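Below is one structure; the comments refer to it alone.
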Amino acid sequence: MVADNEILRLARDIVDSKKTVALTGAGMSVESEIAPFRGPGGLWEKYNPEEYGHISTLRNEPEKAWIMLSEMEREILKAKPHKGHYALAELEQLGLLSSIITQNVDGLHRVAGNKEVIEFHGHLQSVSCMDCGHQVPSSAIPLDDIPPRCEKCKGPVKPDAVFFGEAIPYDALTRSNHESRICQLMLVIGTSANVFPAASMPEVAKGAGSKVVEINVSETAFTGRISDYILKGPAGEVLEKTLAKVKELRS
Ligand code: NAD
Ligand code: ZN
């Protein structure tokens, strides 16, 4: 349980900030029943994502890569945004959240209604042929017959996400750097600060004079070093309460 005075502190910081940006990670979607990489129930317990999710595995051993990918696709295709996703969408509508930089590949911020979403690692909602580029929604591929093949040329297909060993798309990287440099408040939600370069954004923000606040169920490598303070609790509960307090402060 996060104390009321901590919620009030964050709500005040949001209301006072001229530009707020959120950086979200896998913990943001745990309450939507999508497993994170690390922690109990995480994919890491079954597969090493850096191995199964490496671009060379997809190229050389597509069946192995698709064992993990088909499981992630199944989880993501049935997932729905939770109250925390909707709270971030409302903050954007109120003019209190400029953008979300997300490491998540589940597309749930867009589904919840956020417009300014930078998908740092792409998304799993569509797949493209690695030979001819033909793109189809992930819901159109047979997940029980892996590895899936392109319906046009039978080439290997790849989710439109960034794999280990691949570069972050130039546009996502430059926009994220820009947003991090010019924000006054960065909310770092449900990320373990382990995957770079996404994990460097709070440092960029801090270095440029921004306040950095974490929302996470446990402490991270940012805690006490980069972040000014942490609200320890699940993202859905903390964001819902914070939004209610923000509205109260503005009424
Ligand atoms: P991570 O799995 O390394 O860490 C998850 C973090 O979330 C941890 O710090 C944990 O304490 C915290 N957490 C767990 N439950 C929470 C909750 N209810 N509320 C708030 N915080 C909670 O995730 P990461 O730092 O995002 O990095 C891993 C990579 O995993 C990213 O690159 C991302 O692309 C990928 N990934 C994405 C999804 C998704 O799209 N939903 C799922 C799994 C992995
Ligand atoms: Zn093709």
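By order of appearance in the structure tokens: chains A, B, ..., then residues from 1 within every chain, and ligands from 1 in the order shown.
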- Task: Just list the residues in segment 22-184 of chain A DSSP gives strand (DSSP E or B) on the backbone, as a PyMOL selection string.
- Result: chain A and resi 22-24+54+99-102+117-119+122-129+135-137+149+156-161+164
Could you give me, as a short mmCIF file (atom, residue, chain, number, x, y, z; two decimals) with N, CA and C atoms, in the first residue's frame, the residues within 6 Å of Ala22 of chain A, counting only C-alpha atoms and dropping anything in the same chain fewer than 6 positions from it?
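Saved file part11.cif follows:
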data_model
loop_
_atom_site.label_atom_id
_atom_site.label_comp_id
_atom_site.auth_asym_id
_atom_site.auth_seq_id
_atom_site.Cartn_x
_atom_site.Cartn_y
_atom_site.Cartn_z
N ILE A 100 4.76 9.04 -23.94
CA ILE A 100 5.20 7.82 -23.25
C ILE A 100 6.28 7.18 -24.12
N MET A 186 10.10 13.05 -15.15
CA MET A 186 10.01 11.75 -15.83
C MET A 186 9.48 10.71 -14.85
N LEU A 187 8.41 10.01 -15.28
CA LEU A 187 7.86 8.92 -14.48
C LEU A 187 8.42 7.62 -15.03
N VAL A 188 9.13 6.88 -14.21
CA VAL A 188 9.76 5.63 -14.66
C VAL A 188 8.94 4.48 -14.06
#
Write out as a Markdown table the residues of chain A that have any atom within 7 Å of an atom of ligand 1, one row each with the nearest atom pair and its distance in Å to one decimal, counting only C-alpha atoms and all ligand atoms, sorted by chain and then rising number.
| residue | atom | partner | partner_atom_place_in_ligand_line | distance |
| --- | --- | --- | --- | --- |
| A:Thr24 | CA | ligand 1 | 26 (O) | 6.7 |
| A:Gly25 | CA | ligand 1 | 26 (O) | 3.1 |
| A:Ala26 | CA | ligand 1 | 26 (O) | 3.8 |
| A:Gly27 | CA | ligand 1 | 7 (O) | 3.1 |
| A:Met28 | CA | ligand 1 | 19 (N) | 5.4 |
| A:Ser29 | CA | ligand 1 | 41 (N) | 5.0 |
| A:Val30 | CA | ligand 1 | 18 (N) | 5.1 |
| A:Glu31 | CA | ligand 1 | 18 (N) | 5.5 |
| A:Ile34 | CA | ligand 1 | 41 (N) | 5.5 |
| A:Ala35 | CA | ligand 1 | 42 (C) | 5.6 |
| A:Pro36 | CA | ligand 1 | 2 (O) | 3.9 |
| A:Phe37 | CA | ligand 1 | 2 (O) | 3.6 |
| A:Arg38 | CA | ligand 1 | 2 (O) | 4.2 |
| A:Gly39 | CA | ligand 1 | 10 (C) | 6.6 |
| A:Gly42 | CA | ligand 1 | 2 (O) | 6.9 |
| A:Gln103 | CA | ligand 1 | 34 (O) | 4.4 |
| A:Asn104 | CA | ligand 1 | 40 (O) | 3.3 |
| A:Val105 | CA | ligand 1 | 40 (O) | 3.7 |
| A:Asp106 | CA | ligand 1 | 40 (O) | 4.2 |
| A:His121 | CA | ligand 1 | 34 (O) | 5.6 |
| A:Ile189 | CA | ligand 1 | 20 (C) | 6.1 |
| A:Gly190 | CA | ligand 1 | 21 (N) | 3.4 |
| A:Thr191 | CA | ligand 1 | 25 (O) | 3.4 |
| A:Ser192 | CA | ligand 1 | 9 (O) | 3.5 |
| A:Ala193 | CA | ligand 1 | 25 (O) | 5.2 |
| A:Asn194 | CA | ligand 1 | 25 (O) | 5.8 |
| A:Val195 | CA | ligand 1 | 27 (O) | 5.5 |
| A:Ile215 | CA | ligand 1 | 20 (C) | 5.9 |
| A:Asn216 | CA | ligand 1 | 21 (N) | 3.7 |
| A:Val217 | CA | ligand 1 | 21 (N) | 4.7 |
| A:Ser218 | CA | ligand 1 | 11 (O) | 4.7 |
| A:Glu219 | CA | ligand 1 | 11 (O) | 6.9 |
| A:Thr220 | CA | ligand 1 | 9 (O) | 5.9 |
| A:Gly233 | CA | ligand 1 | 19 (N) | 6.1 |
| A:Pro234 | CA | ligand 1 | 19 (N) | 3.5 |
| A:Ala235 | CA | ligand 1 | 19 (N) | 3.9 |
| A:Gly236 | CA | ligand 1 | 19 (N) | 6.8 |
- Selection: 9 Å around Ala11 of chain A, only C-alpha atoms, excl. self and same-chain fewer than 2 positions, as a ChimeraX atom specification: /A:6-9,13-16,242-247,249
- Query: So which residues touch Ala140 of chain A within 12 Å, counting only C-alpha atoms, skipping near sequence neighbours fewer than 4 positions away, as a count of residues only?
  - Reply: 14
How would you report the residues lying within 7 Å of ligand 2, as a PDB file with all heavy atoms, in the first residue's frame, if you count only C-alpha atoms and all ligand atoms?
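The resulting file, out.pdb, is reproduced below:
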ATOM      1  N   CYS A 129       7.469 -10.279 -43.409  1.00  0.00           N
ATOM      2  CA  CYS A 129       8.319 -11.290 -44.052  1.00  0.00           C
ATOM      3  C   CYS A 129       9.750 -10.758 -44.132  1.00  0.00           C
ATOM      4  O   CYS A 129       9.976  -9.617 -44.528  1.00  0.00           O
ATOM      5  CB  CYS A 129       7.783 -11.599 -45.441  1.00  0.00           C
ATOM      6  SG  CYS A 129       8.865 -12.681 -46.381  1.00  0.00           S
ATOM      7  N   MET A 130      10.719 -11.584 -43.726  1.00  0.00           N
ATOM      8  CA  MET A 130      12.118 -11.153 -43.747  1.00  0.00           C
ATOM      9  C   MET A 130      12.676 -11.145 -45.170  1.00  0.00           C
ATOM     10  O   MET A 130      13.727 -10.574 -45.426  1.00  0.00           O
ATOM     11  CB  MET A 130      12.966 -12.059 -42.839  1.00  0.00           C
ATOM     12  CG  MET A 130      12.671 -11.836 -41.357  1.00  0.00           C
ATOM     13  SD  MET A 130      13.313 -13.149 -40.293  1.00  0.00           S
ATOM     14  CE  MET A 130      14.959 -12.537 -39.926  1.00  0.00           C
ATOM     15  N   ASP A 131      11.958 -11.787 -46.133  1.00  0.00           N
ATOM     16  CA  ASP A 131      12.427 -11.785 -47.515  1.00  0.00           C
ATOM     17  C   ASP A 131      11.736 -10.716 -48.361  1.00  0.00           C
ATOM     18  O   ASP A 131      12.399  -9.929 -49.037  1.00  0.00           O
ATOM     19  CB  ASP A 131      12.195 -13.163 -48.163  1.00  0.00           C
ATOM     20  CG  ASP A 131      13.182 -14.194 -47.616  1.00  0.00           C
ATOM     21  OD1 ASP A 131      14.188 -13.778 -46.999  1.00  0.00           O
ATOM     22  OD2 ASP A 131      12.943 -15.402 -47.804  1.00  0.00           O
ATOM     23  N   CYS A 132      10.385 -10.676 -48.339  1.00  0.00           N
ATOM     24  CA  CYS A 132       9.682  -9.753 -49.246  1.00  0.00           C
ATOM     25  C   CYS A 132       9.027  -8.574 -48.531  1.00  0.00           C
ATOM     26  O   CYS A 132       8.488  -7.681 -49.178  1.00  0.00           O
ATOM     27  CB  CYS A 132       8.645 -10.504 -50.088  1.00  0.00           C
ATOM     28  SG  CYS A 132       7.124 -10.899 -49.175  1.00  0.00           S
ATOM     29  N   GLY A 133       9.028  -8.553 -47.193  1.00  0.00           N
ATOM     30  CA  GLY A 133       8.485  -7.410 -46.452  1.00  0.00           C
ATOM     31  C   GLY A 133       6.975  -7.444 -46.260  1.00  0.00           C
ATOM     32  O   GLY A 133       6.425  -6.564 -45.587  1.00  0.00           O
ATOM     33  N   HIS A 134       6.279  -8.435 -46.822  1.00  0.00           N
ATOM     34  CA  HIS A 134       4.813  -8.506 -46.681  1.00  0.00           C
ATOM     35  C   HIS A 134       4.435  -8.535 -45.200  1.00  0.00           C
ATOM     36  O   HIS A 134       4.948  -9.341 -44.425  1.00  0.00           O
ATOM     37  CB  HIS A 134       4.311  -9.764 -47.403  1.00  0.00           C
ATOM     38  CG  HIS A 134       2.833  -9.967 -47.316  1.00  0.00           C
ATOM     39  ND1 HIS A 134       1.926  -9.063 -47.822  1.00  0.00           N
ATOM     40  CD2 HIS A 134       2.094 -10.972 -46.763  1.00  0.00           C
ATOM     41  CE1 HIS A 134       0.696  -9.500 -47.586  1.00  0.00           C
ATOM     42  NE2 HIS A 134       0.777 -10.655 -46.948  1.00  0.00           N
ATOM     43  N   CYS A 150       5.691 -16.765 -44.620  1.00  0.00           N
ATOM     44  CA  CYS A 150       5.009 -15.702 -45.361  1.00  0.00           C
ATOM     45  C   CYS A 150       3.985 -16.313 -46.309  1.00  0.00           C
ATOM     46  O   CYS A 150       4.299 -17.260 -47.042  1.00  0.00           O
ATOM     47  CB  CYS A 150       6.047 -14.904 -46.139  1.00  0.00           C
ATOM     48  SG  CYS A 150       5.366 -13.728 -47.295  1.00  0.00           S
ATOM     49  N   GLU A 151       2.760 -15.762 -46.316  1.00  0.00           N
ATOM     50  CA  GLU A 151       1.713 -16.324 -47.174  1.00  0.00           C
ATOM     51  C   GLU A 151       1.994 -16.053 -48.648  1.00  0.00           C
ATOM     52  O   GLU A 151       1.477 -16.722 -49.528  1.00  0.00           O
ATOM     53  CB  GLU A 151       0.334 -15.778 -46.768  1.00  0.00           C
ATOM     54  CG  GLU A 151       0.234 -14.262 -46.900  1.00  0.00           C
ATOM     55  CD  GLU A 151      -1.056 -13.667 -46.335  1.00  0.00           C
ATOM     56  OE1 GLU A 151      -1.814 -14.381 -45.662  1.00  0.00           O
ATOM     57  OE2 GLU A 151      -1.286 -12.467 -46.584  1.00  0.00           O
ATOM     58  N   LYS A 152       2.848 -15.058 -48.943  1.00  0.00           N
ATOM     59  CA  LYS A 152       3.140 -14.708 -50.344  1.00  0.00           C
ATOM     60  C   LYS A 152       4.314 -15.514 -50.910  1.00  0.00           C
ATOM     61  O   LYS A 152       4.235 -16.055 -52.000  1.00  0.00           O
ATOM     62  CB  LYS A 152       3.478 -13.219 -50.451  1.00  0.00           C
ATOM     63  CG  LYS A 152       2.279 -12.311 -50.299  1.00  0.00           C
ATOM     64  CD  LYS A 152       2.218 -11.318 -51.439  1.00  0.00           C
ATOM     65  CE  LYS A 152       0.830 -10.735 -51.569  1.00  0.00           C
ATOM     66  NZ  LYS A 152       0.779  -9.315 -51.327  1.00  0.00           N
ATOM     67  N   CYS A 153       5.456 -15.544 -50.148  1.00  0.00           N
ATOM     68  CA  CYS A 153       6.668 -16.130 -50.731  1.00  0.00           C
ATOM     69  C   CYS A 153       7.237 -17.277 -49.891  1.00  0.00           C
ATOM     70  O   CYS A 153       8.285 -17.812 -50.211  1.00  0.00           O
ATOM     71  CB  CYS A 153       7.728 -15.046 -50.923  1.00  0.00           C
ATOM     72  SG  CYS A 153       8.526 -14.540 -49.392  1.00  0.00           S
ATOM     73  N   LYS A 154       6.549 -17.615 -48.788  1.00  0.00           N
ATOM     74  CA  LYS A 154       6.992 -18.702 -47.881  1.00  0.00           C
ATOM     75  C   LYS A 154       8.290 -18.377 -47.139  1.00  0.00           C
ATOM     76  O   LYS A 154       8.923 -19.243 -46.547  1.00  0.00           O
ATOM     77  CB  LYS A 154       7.162 -20.042 -48.641  1.00  0.00           C
ATOM     78  CG  LYS A 154       5.903 -20.520 -49.340  1.00  0.00           C
ATOM     79  CD  LYS A 154       4.912 -21.078 -48.342  1.00  0.00           C
ATOM     80  CE  LYS A 154       3.561 -21.403 -48.978  1.00  0.00           C
ATOM     81  NZ  LYS A 154       2.436 -20.735 -48.352  1.00  0.00           N
ATOM     82  N   GLY A 155       8.701 -17.102 -47.168  1.00  0.00           N
ATOM     83  CA  GLY A 155       9.909 -16.679 -46.446  1.00  0.00           C
ATOM     84  C   GLY A 155       9.665 -16.685 -44.938  1.00  0.00           C
ATOM     85  O   GLY A 155       8.528 -16.796 -44.477  1.00  0.00           O
TER      86      GLY A 155
END
